[in-house]
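Peer 1: entry_33.pdb is reproduced in full below (PDB, C-alpha atoms).
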```pdb
ATOM      1  CA  VAL A  23       9.871   0.953   8.652
ATOM      2  CA  LEU A  24      10.055   4.571   7.549
ATOM      3  CA  ALA A  25      10.229   6.588   4.368
ATOM      4  CA  VAL A  26      10.785  10.239   3.485
ATOM      5  CA  GLY A  27       9.017  12.269   0.807
ATOM      6  CA  ASP A  28       6.831  15.320   0.208
ATOM      7  CA  LEU A  29       3.261  14.004   0.492
ATOM      8  CA  ASN A  30       1.488  17.347   0.940
ATOM      9  CA  GLY A  31       3.418  19.159  -1.784
ATOM     10  CA  ASP A  32       4.689  22.034   0.344
ATOM     11  CA  GLY A  33       8.320  21.614  -0.673
ATOM     12  CA  LYS A  34       9.402  20.077   2.652
ATOM     13  CA  ASP A  35      10.018  16.381   3.125
ATOM     14  CA  ASP A  36       7.616  14.491   5.361
ATOM     15  CA  ILE A  37       8.303  11.341   7.394
ATOM     16  CA  ALA A  38       6.132   8.212   7.209
ATOM     17  CA  ILE A  39       6.585   5.710  10.044
ATOM     18  CA  THR A  40       5.047   2.253  10.389
ATOM     19  CA  LEU A  41       3.170   1.455  13.596
ATOM     20  CA  LYS A  42       3.165  -2.276  12.910
ATOM     21  CA  ARG A  43       1.138  -3.496  15.887
ATOM     22  CA  SER A  44      -1.401  -0.703  15.882
ATOM     23  CA  ARG A  45      -5.036  -1.777  16.134
ATOM     24  CA  GLY A  46      -6.590   0.343  13.379
ATOM     25  CA  ALA A  47      -9.818   2.323  13.541
ATOM     26  CA  GLY A  48     -11.429   2.167  16.979
ATOM     27  CA  SER A  49      -8.516   0.051  18.259
ATOM     28  CA  ALA A  50     -10.607  -2.943  17.181
ATOM     29  CA  LYS A  51      -8.279  -4.597  14.661
ATOM     30  CA  PRO A  52      -5.254  -6.304  16.282
ATOM     31  CA  ASN A  53      -2.086  -6.002  14.191
ATOM     32  CA  ALA A  54      -3.895  -4.126  11.439
ATOM     33  CA  GLY A  55      -1.035  -1.654  11.479
ATOM     34  CA  ASP A  56      -1.070   2.092  10.952
ATOM     35  CA  VAL A  57       1.206   4.531   9.168
ATOM     36  CA  ALA A  58       1.921   7.837  10.884
ATOM     37  CA  VAL A  59       2.917  10.791   8.703
ATOM     38  CA  ILE A  60       4.651  13.798  10.240
ATOM     39  CA  TYR A  61       4.772  16.766   7.879
ATOM     40  CA  GLY A  62       8.060  18.566   7.435
ATOM     41  CA  GLU A  63       8.496  21.863   9.194
ATOM     42  CA  MET A  64      11.082  24.501   9.951
ATOM     43  CA  PRO A  65      12.584  24.603  12.441
ATOM     44  CA  VAL A  66      12.669  20.877  13.176
ATOM     45  CA  SER A  67      11.933  19.946  16.780
ATOM     46  CA  ALA A  68      14.555  18.055  18.756
ATOM     47  CA  THR A  69      11.999  15.479  19.966
ATOM     48  CA  TYR A  70       8.703  14.187  18.610
ATOM     49  CA  ASP A  71       6.491  12.152  20.950
ATOM     50  CA  MET A  72       3.851  10.380  18.876
ATOM     51  CA  ASP A  73       1.757   9.903  21.992
ATOM     52  CA  THR A  74       1.283  13.674  22.122
ATOM     53  CA  GLY A  75      -1.739  15.080  20.346
ATOM     54  CA  GLY A  76      -0.968  16.997  17.160
ATOM     55  CA  VAL A  77       2.413  15.371  16.486
ATOM     56  CA  ILE A  78       1.000  12.946  13.917
ATOM     57  CA  ASP A  79      -0.371  15.038  11.054
ATOM     58  CA  LEU A  80      -1.870  12.139   9.100
ATOM     59  CA  ARG A  81      -2.686   8.687  10.449
ATOM     60  CA  ILE A  82      -3.409   6.002   7.831
ATOM     61  CA  GLN A  83      -5.217   3.086   9.451
ATOM     62  CA  GLY A  84      -4.985  -0.545   8.383
ATOM     63  CA  ALA A  85      -8.107  -2.067   6.863
ATOM     64  CA  ARG A  86      -8.309  -5.430   8.633
ATOM     65  CA  ALA A  87      -6.835  -7.243  11.601
ATOM     66  CA  ASN A  88      -3.440  -8.840  10.912
ATOM     67  CA  ASP A  89      -2.895  -6.962   7.624
ATOM     68  CA  GLU A  90       0.410  -5.557   9.008
ATOM     69  CA  THR A  91      -0.097  -2.318   7.127
ATOM     70  CA  GLY A  92       3.165  -0.500   6.495
ATOM     71  CA  ALA A  93       5.412  -3.544   6.055
ATOM     72  CA  SER A  94       6.973  -1.520   3.232
ATOM     73  CA  LEU A  95       6.756   2.201   2.495
ATOM     74  CA  VAL A  96       7.793   4.085  -0.637
ATOM     75  CA  PHE A  97       7.288   7.694  -1.725
ATOM     76  CA  ALA A  98       7.003   8.193  -5.494
ATOM     77  CA  ASP A  99       5.077  10.352  -7.953
ATOM     78  CA  LEU A 100       2.934   7.673  -9.594
ATOM     79  CA  SER A 101       0.314  10.033 -10.982
ATOM     80  CA  GLY A 102       2.814  12.341 -12.663
ATOM     81  CA  ASP A 103       1.305  15.462 -11.103
ATOM     82  CA  GLY A 104       4.571  16.613  -9.498
ATOM     83  CA  THR A 105       3.567  15.649  -5.934
ATOM     84  CA  GLU A 106       4.830  12.462  -4.339
ATOM     85  CA  ASP A 107       2.348   9.736  -3.422
ATOM     86  CA  LEU A 108       2.711   7.239  -0.585
ATOM     87  CA  LEU A 109       2.699   3.505  -1.335
ATOM     88  CA  ILE A 110       1.964   1.247   1.631
ATOM     89  CA  GLY A 111       2.512  -2.503   1.709
ATOM     90  CA  THR A 112      -0.059  -4.738   3.435
ATOM     91  CA  PRO A 113       1.284  -8.257   2.769
ATOM     92  CA  PHE A 114      -1.425 -10.111   4.699
ATOM     93  CA  ALA A 115      -4.444  -8.302   3.274
ATOM     94  CA  ASP A 116      -7.309 -10.454   1.953
ATOM     95  CA  TYR A 117      -8.812  -9.847  -1.478
ATOM     96  CA  ASP A 118     -12.583  -9.694  -1.938
ATOM     97  CA  VAL A 119     -12.404 -11.142  -5.452
ATOM     98  CA  ASP A 120     -16.171 -11.228  -6.057
ATOM     99  CA  ASN A 121     -16.719  -7.818  -4.427
ATOM    100  CA  ASP A 122     -19.510  -9.102  -2.181
ATOM    101  CA  GLY A 123     -18.209  -7.343   0.904
ATOM    102  CA  THR A 124     -16.697 -10.451   2.479
ATOM    103  CA  GLU A 125     -13.567 -12.551   2.169
ATOM    104  CA  ASP A 126     -15.287 -15.834   2.859
ATOM    105  CA  GLY A 127     -13.603 -18.380   0.638
ATOM    106  CA  ALA A 128     -15.285 -20.916  -1.646
ATOM    107  CA  PRO A 129     -17.560 -20.708  -3.501
ATOM    108  CA  ASP A 130     -16.664 -17.030  -3.853
ATOM    109  CA  PHE A 131     -12.999 -17.740  -4.571
ATOM    110  CA  ASP A 132     -11.708 -14.937  -2.388
ATOM    111  CA  ALA A 133      -7.977 -14.763  -1.790
ATOM    112  CA  PHE A 134      -6.569 -14.925   1.733
ATOM    113  CA  ASP A 135      -3.233 -13.210   2.492
ATOM    114  CA  SER A 136      -2.942 -12.212  -1.157
ATOM    115  CA  GLY A 137      -1.466  -8.952   0.064
ATOM    116  CA  ALA A 138      -1.979  -5.480  -1.305
ATOM    117  CA  ILE A 139      -0.236  -2.201  -2.020
ATOM    118  CA  ALA A 140      -2.259   0.825  -0.971
ATOM    119  CA  VAL A 141      -1.607   4.144  -2.678
ATOM    120  CA  VAL A 142      -2.478   7.440  -1.025
ATOM    121  CA  TRP A 143      -2.309  10.231  -3.571
ATOM    122  CA  GLY A 144      -0.260  13.176  -2.406
ATOM    123  CA  PHE A 145      -1.841  16.601  -2.160
ATOM    124  CA  ASN A 146      -2.333  19.373   0.380
ATOM    125  CA  GLY A 147      -5.596  18.602   2.151
ATOM    126  CA  LEU A 148      -5.507  14.964   3.238
ATOM    127  CA  SER A 149      -7.763  14.451   6.237
ATOM    128  CA  SER A 150      -6.703  12.395   9.253
ATOM    129  CA  PRO A 151      -7.390   9.643  10.110
ATOM    130  CA  LEU A 152      -7.595   7.909   6.736
ATOM    131  CA  ASP A 153      -9.056   4.397   7.037
ATOM    132  CA  LEU A 154      -7.928   2.074   4.239
ATOM    133  CA  ASP A 155     -11.104   0.043   4.745
ATOM    134  CA  ASP A 156     -13.309   2.994   3.799
ATOM    135  CA  ASP A 157     -13.887   2.716   0.051
ATOM    136  CA  SER A 158     -15.701   6.050   0.014
ATOM    137  CA  LEU A 159     -12.250   7.601   0.267
ATOM    138  CA  LEU A 160     -11.380   6.402  -3.219
ATOM    139  CA  ALA A 161     -12.902   9.526  -4.724
ATOM    140  CA  THR A 162     -12.308  11.902  -1.827
ATOM    141  CA  TYR A 163      -8.676  11.193  -1.056
ATOM    142  CA  HIS A 164      -7.539   9.350  -4.153
ATOM    143  CA  LYS A 165      -6.832   6.159  -2.286
ATOM    144  CA  THR A 166      -6.480   2.934  -4.285
ATOM    145  CA  ARG A 167      -5.193  -0.577  -3.674
ATOM    146  CA  PHE A 168      -3.504  -3.229  -5.800
ATOM    147  CA  PHE A 169      -4.098  -6.774  -4.576
ATOM    148  CA  GLY A 170      -2.188  -9.988  -5.091
ATOM    149  CA  GLU A 171      -3.694 -12.434  -7.538
ATOM    150  CA  GLN A 172      -4.074 -15.498  -5.323
ATOM    151  CA  SER A 173      -4.097 -16.562  -1.696
ATOM    152  CA  SER A 174      -0.733 -16.302   0.077
ATOM    153  CA  ASP A 175       0.949 -14.231  -2.669
ATOM    154  CA  GLY A 176       2.138 -11.812   0.014
ATOM    155  CA  ILE A 177       2.347  -8.870  -2.362
ATOM    156  CA  GLY A 178       3.248  -5.678  -0.526
ATOM    157  CA  SER A 179       6.080  -7.174   1.495
ATOM    158  CA  ALA A 180       8.596  -5.447  -0.787
ATOM    159  CA  PHE A 181       8.257  -3.198  -3.821
ATOM    160  CA  ALA A 182       9.927  -0.345  -5.649
ATOM    161  CA  VAL A 183       9.135   2.331  -8.224
ATOM    162  CA  GLY A 184      11.202   3.220 -11.278
ATOM    163  CA  ASP A 185      10.987   3.838 -15.018
ATOM    164  CA  VAL A 186      11.715   0.297 -16.193
ATOM    165  CA  ASP A 187      10.541   0.704 -19.792
ATOM    166  CA  GLY A 188      11.947   4.201 -20.345
ATOM    167  CA  SER A 189       8.538   5.718 -21.051
ATOM    168  CA  GLY A 190       8.928   8.598 -18.610
ATOM    169  CA  ALA A 191       6.101   7.260 -16.421
ATOM    170  CA  ALA A 192       6.639   5.571 -13.072
ATOM    171  CA  ASP A 193       6.402   1.778 -13.078
ATOM    172  CA  LEU A 194       5.584  -0.362 -10.052
ATOM    173  CA  ILE A 195       7.812  -3.372  -9.334
ATOM    174  CA  ALA A 196       6.268  -5.611  -6.696
ATOM    175  CA  GLY A 197       7.475  -8.804  -5.076
ATOM    176  CA  ALA A 198       5.020 -11.643  -4.437
ATOM    177  CA  PRO A 199       7.311 -13.870  -2.373
ATOM    178  CA  PHE A 200       4.958 -16.821  -1.976
ATOM    179  CA  ALA A 201       3.219 -16.770  -5.346
ATOM    180  CA  ALA A 202       2.852 -20.056  -7.203
ATOM    181  CA  SER A 203       4.728 -19.217 -10.401
ATOM    182  CA  ARG A 204       4.704 -20.745 -13.882
ATOM    183  CA  ASP A 205       0.960 -21.374 -14.122
ATOM    184  CA  ASP A 206       0.849 -22.477 -10.482
ATOM    185  CA  LEU A 207       3.289 -25.339 -11.098
ATOM    186  CA  ARG A 208       5.877 -23.998  -8.631
ATOM    187  CA  ALA A 209       4.227 -23.652  -5.251
ATOM    188  CA  ALA A 210       5.503 -20.672  -3.217
ATOM    189  CA  ALA A 211       8.366 -20.122  -5.667
ATOM    190  CA  GLY A 212       7.584 -16.399  -5.738
ATOM    191  CA  GLU A 213       7.381 -13.801  -8.487
ATOM    192  CA  VAL A 214       8.415 -10.246  -9.253
ATOM    193  CA  ARG A 215       5.620  -8.396 -11.038
ATOM    194  CA  ILE A 216       6.093  -5.238 -13.083
ATOM    195  CA  TYR A 217       3.176  -2.899 -13.726
ATOM    196  CA  PHE A 218       4.018  -0.349 -16.410
ATOM    197  CA  GLY A 219       2.670   3.109 -15.633
ATOM    198  CA  ASP A 220       0.983   5.502 -18.005
ATOM    199  CA  GLY A 221       1.242   8.649 -15.884
ATOM    200  CA  SER A 222      -2.214   8.161 -14.390
ATOM    201  CA  LEU A 223      -1.646   4.957 -12.444
ATOM    202  CA  GLY A 224      -3.122   2.710 -15.090
ATOM    203  CA  TYR A 225      -2.034  -0.517 -13.419
ATOM    204  CA  ASP A 226      -4.599  -3.284 -13.849
ATOM    205  CA  THR A 227      -2.652  -6.510 -14.277
ATOM    206  CA  PRO A 228       1.099  -7.188 -14.312
ATOM    207  CA  ASP A 229       2.736  -6.470 -17.666
ATOM    208  CA  VAL A 230       5.788  -8.606 -16.839
ATOM    209  CA  LYS A 231       6.310 -11.482 -14.411
ATOM    210  CA  TRP A 232       9.750 -12.673 -13.362
ATOM    211  CA  THR A 233       9.461 -16.151 -11.921
ATOM    212  CA  SER A 234      11.714 -18.196  -9.702
ATOM    213  CA  ALA A 235      13.487 -21.149 -11.276
ATOM    214  CA  THR A 236      12.297 -23.628  -8.655
TER     215      THR A 236
END
```
Written as C-alpha cells, how would this file's structure read?
Peer 2:
Amino acid sequence: VLAVGDLNGDGKDDIAITLKRSRGAGSAKPNAGDVAVIYGEMPVSATYDMDTGGVIDLRIQGARANDETGASLVFADLSGDGTEDLLIGTPFADYDVDNDGTEDGAPDFDAFDSGAIAVVWGFNGLSSPLDLDDDSLLATYHKTRFFGEQSSDGIGSAFAVGDVDGSGAADLIAGAPFAASRDDLRAAAGEVRIYFGDGSLGYDTPDVKWTSAT
C-alpha cells in the first residue's frame, strides 16, 4: 500500500509506503506494521533502498503486534491548515475502552480488533521514529486515533476523505466491514460511518451510519 502527498509542507510530494510485516518499535511486535515516509526531493534518485540508512525520512511504527498498521493510507488536509495529514488504517487494533492501560476484556468491556485510524498531523519537524503506542506524542506530534466502536469492527481497512456535507471542511468516511449493524441485529453485516469535520478534526462519534441490508 502506498500514498502520495505533502506531509512536511515543503511543496514537494512525499511517498508513504506500508511495511505490513514490520515488527514495530524494538522489533518486538510481530506484524505490527510500519509506515515509511520518503520526503520528496529534486532531483529524484533512480533507486531507493529502504535498507540503507537515511532513505526513510519518517518511520511510523505500529502500536501493537498484529495491528497491520498501514492497511490503508490516505493523505488529506483534515485540520484545514493547508498542510496534508497522513491517515493510517490499523484494522486489527484493540481499543482500551476503559482507558486502564490494558485491553483485557470483561469486565472492562475492551474491544478486540475494533480497528483504528491513526492521524499524523502534517508539518515540517516530525521526528522519526514515531511510535503510535506512545500517547505522549499526542501533544508533541499531533497524533490521534479513531477507534472502532466494538470488537471485530475492523475499522481502518478502508476509508476516504471528502466534503460530503458541503461545509468546506474535510469529512472522514470509514468502512467497518465486520460491524454488527442495526443495533447489533445484523452480525458482521458491516457499516460505512461518516464523521463530519469542522476544520479542526472534531470527530467524536459517527454522524451518519450506512448499514448493510443483511
Peer 1: Pick out the residues sitting within 10 Å of Pro151 (chain A), and hand them over as a ChimeraX atom specification; count only C-alpha atoms, and ignore anything fewer than 4 positions along from it in its own chain.
Peer 2: /A:46-47,56,58,78-83
Peer 1: Excluding same-chain residues fewer than 5 positions from Val23 (chain A), what lies within 12 Å of it counting only C-alpha atoms, as number ranges by chain?
Peer 2: A: 37-42, 55-58, 90-96, 110-111, 179-180
Peer 1: For the residues in the current selection, export C-alpha atoms as a tab-separated table (two decimals), in the coordinates of the input.
Peer 2:
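Generated file (result-v8.tsv):
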```tsv
chain	number	residue	atom	x	y	z
A	37	ILE	CA	8.30	11.34	7.39
A	38	ALA	CA	6.13	8.21	7.21
A	39	ILE	CA	6.58	5.71	10.04
A	40	THR	CA	5.05	2.25	10.39
A	41	LEU	CA	3.17	1.46	13.60
A	42	LYS	CA	3.16	-2.28	12.91
A	55	GLY	CA	-1.03	-1.65	11.48
A	56	ASP	CA	-1.07	2.09	10.95
A	57	VAL	CA	1.21	4.53	9.17
A	58	ALA	CA	1.92	7.84	10.88
A	90	GLU	CA	0.41	-5.56	9.01
A	91	THR	CA	-0.10	-2.32	7.13
A	92	GLY	CA	3.16	-0.50	6.50
A	93	ALA	CA	5.41	-3.54	6.06
A	94	SER	CA	6.97	-1.52	3.23
A	95	LEU	CA	6.76	2.20	2.50
A	96	VAL	CA	7.79	4.08	-0.64
A	110	ILE	CA	1.96	1.25	1.63
A	111	GLY	CA	2.51	-2.50	1.71
A	179	SER	CA	6.08	-7.17	1.50
A	180	ALA	CA	8.60	-5.45	-0.79
```
Peer 1: Which residues, written as a list in words, have at least one atom at most 9 Å from Ala115 (chain A), with only C-alpha atoms counted and residues fewer than 2 positions away on the same chain left out?
Peer 2: Ala85, Arg86, Ala87, Asn88, Asp89, Glu90, Thr91, Thr112, Pro113, Tyr117, Ala133, Phe134, Asp135, Ser136, Gly137, Ala138, Phe169, Gly170, Gly176, Ile177 and Gly178 of chain A
Peer 1: Please write the residues picked by the PyMOL selection byres ((chain A and resi 197) around 6) on this file as a list of chain:residue names.
Peer 2: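 In the shown coordinates, the PyMOL selection byres ((chain A and resi 197) around 6) covers A:Ile177, A:Ala180, A:Phe181, A:Ala196, A:Ala198, A:Pro199, A:Val214.
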Peer 1: Next, write the just-selected residues to a file, as a short mmCIF file (atom, residue, chain, number, x, y, z; two decimals), keeping the file's coordinate frame, keeping C-alpha atoms as the atom set.
Peer 2:
```cif
data_model
loop_
_atom_site.label_atom_id
_atom_site.label_comp_id
_atom_site.auth_asym_id
_atom_site.auth_seq_id
_atom_site.Cartn_x
_atom_site.Cartn_y
_atom_site.Cartn_z
CA ILE A 177 2.35 -8.87 -2.36
CA ALA A 180 8.60 -5.45 -0.79
CA PHE A 181 8.26 -3.20 -3.82
CA ALA A 196 6.27 -5.61 -6.70
CA ALA A 198 5.02 -11.64 -4.44
CA PRO A 199 7.31 -13.87 -2.37
CA VAL A 214 8.41 -10.25 -9.25
#
```
Peer 1: Can you work out which one of A:Gly219, A:Ile139, A:Pro52, A:Thr74 has the shortest atom-to-atom distance to Ser189 (chain A), counting all atoms listed in the file?
Peer 2: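 Of all the options, A:Gly219 lies closest to Ser189 (chain A).
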Peer 1: Report as a PDB file with C-alpha atoms, in the coordinates of the input the residues that result from applying the PyMOL selection byres ((chain A and resi 101-105) around 8) to the structure here.
Peer 2:
```
ATOM      1  CA  ASP A  28       6.831  15.320   0.208  1.00  0.00           C
ATOM      2  CA  LEU A  29       3.261  14.004   0.492  1.00  0.00           C
ATOM      3  CA  ASN A  30       1.488  17.347   0.940  1.00  0.00           C
ATOM      4  CA  GLY A  31       3.418  19.159  -1.784  1.00  0.00           C
ATOM      5  CA  ASP A  99       5.077  10.352  -7.953  1.00  0.00           C
ATOM      6  CA  LEU A 100       2.934   7.673  -9.594  1.00  0.00           C
ATOM      7  CA  GLU A 106       4.830  12.462  -4.339  1.00  0.00           C
ATOM      8  CA  ASP A 107       2.348   9.736  -3.422  1.00  0.00           C
ATOM      9  CA  TRP A 143      -2.309  10.231  -3.571  1.00  0.00           C
ATOM     10  CA  GLY A 144      -0.260  13.176  -2.406  1.00  0.00           C
ATOM     11  CA  PHE A 145      -1.841  16.601  -2.160  1.00  0.00           C
ATOM     12  CA  ALA A 191       6.101   7.260 -16.421  1.00  0.00           C
ATOM     13  CA  ALA A 192       6.639   5.571 -13.072  1.00  0.00           C
ATOM     14  CA  GLY A 221       1.242   8.649 -15.884  1.00  0.00           C
ATOM     15  CA  SER A 222      -2.214   8.161 -14.390  1.00  0.00           C
ATOM     16  CA  LEU A 223      -1.646   4.957 -12.444  1.00  0.00           C
TER      17      LEU A 223
END
```
Peer 1: Enter the distance from CA of Gly147 (chain A) to CA of Asp116 (chain A), in Å, rounded to one decimal.
Peer 2: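 These atoms are spaced 29.1 Å apart.
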Peer 1: Grab the CA of Met64 (chain A) to CA of Asp36 (chain A) distance for me, in Å with one decimal place.
Peer 2: 11.5 Å
Peer 1: Please, what distance in Å, to one decimal, runs between CA of Ser173 (chain A) and CA of Ala54 (chain A)?
Peer 2: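 Here the two named atoms are 18.1 Å from each other.
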